[in-house]
Amino acid sequence: MATYKVKSQGIEYTAVVVDKATGGSTVTIDGHKFDVTFTGDEGNPAVSPPRSRAASMATPVGSGAIVAPIPGKIIAICVKVGDPVLANQVVLKLEAMKMENDIASPISGTVKEIAVSEGSETSTGQLLMTIG
């Protein structure tokens, strides 16, 4: 186990990394756990999510926009307009190919717009939510 200070978008966090030697690790940042793999050399490591989690993360388009990473159906909206959210906080759940995918906010901020409703069918790249 190792503890690091990491900085993202000007905010400093404490990250605890467990089991780096196996190539697959659990990183805990401010109480949120992420399964990650490390690539790169010792002097310049890069962190990339494992393939199984990559499909469940929304791709931000512009500042705070959350879009559908894959086509599916919205099965749960976990926040409402005006709610504060943290970066990597799950804000909705998308069902695709009989799998439930957590969609997380790419940034910390406030929910400005929810462009879908529970039960909505979505297409890849469709705007789901805006965080500002």
# chains A, B, ... in the order shown; residues from 1 in each chain; ligands from 1
$ residues_around --residues "range 80-84 of chain A" --least-positions-apart "6" --cutoff "6 Å" --atoms "only C-alpha atoms" --output "PyMOL selection string"
chain A and resi 109-113
$ atom_distance --atom1 "CA of Gly119 in chain A" --atom2 "CA of Ile74 in chain A"
5.2 Å
$ atom_distance --atom1 "CA of Pro106 in chain A" --atom2 "CA of Leu94 in chain A"
15.9 Å
$ closest_residue --among "A:Ile66, A:Ile77, A:Val16, A:Ile107" --to "Gln89 in chain A" --atoms "only C-alpha atoms"
A:Ile107
$ closest_residue --among "A:Ile131, A:Ser105, A:Cys78, A:Gln126" --to "Leu92 in chain A" --atoms "only C-alpha atoms"
A:Cys78
$ atom_distance --atom1 "CA of Ile70 in chain A" --atom2 "CA of Asp102 in chain A"
11.8 Å
$ select_by_dssp --residues "range 83-128 of chain A" --states "strand (DSSP E)" --output "list in words"
Pro84, Val85, Val90, Val91, Leu92, Lys93, Leu94, Glu95, Ala96, Met99, Glu100, Asn101, Asp102, Ile103, Ala104, Gly109, Thr110, Val111, Lys112, Glu113, Ile114, Glu121, Thr122, Leu127 and Leu128 of chain A
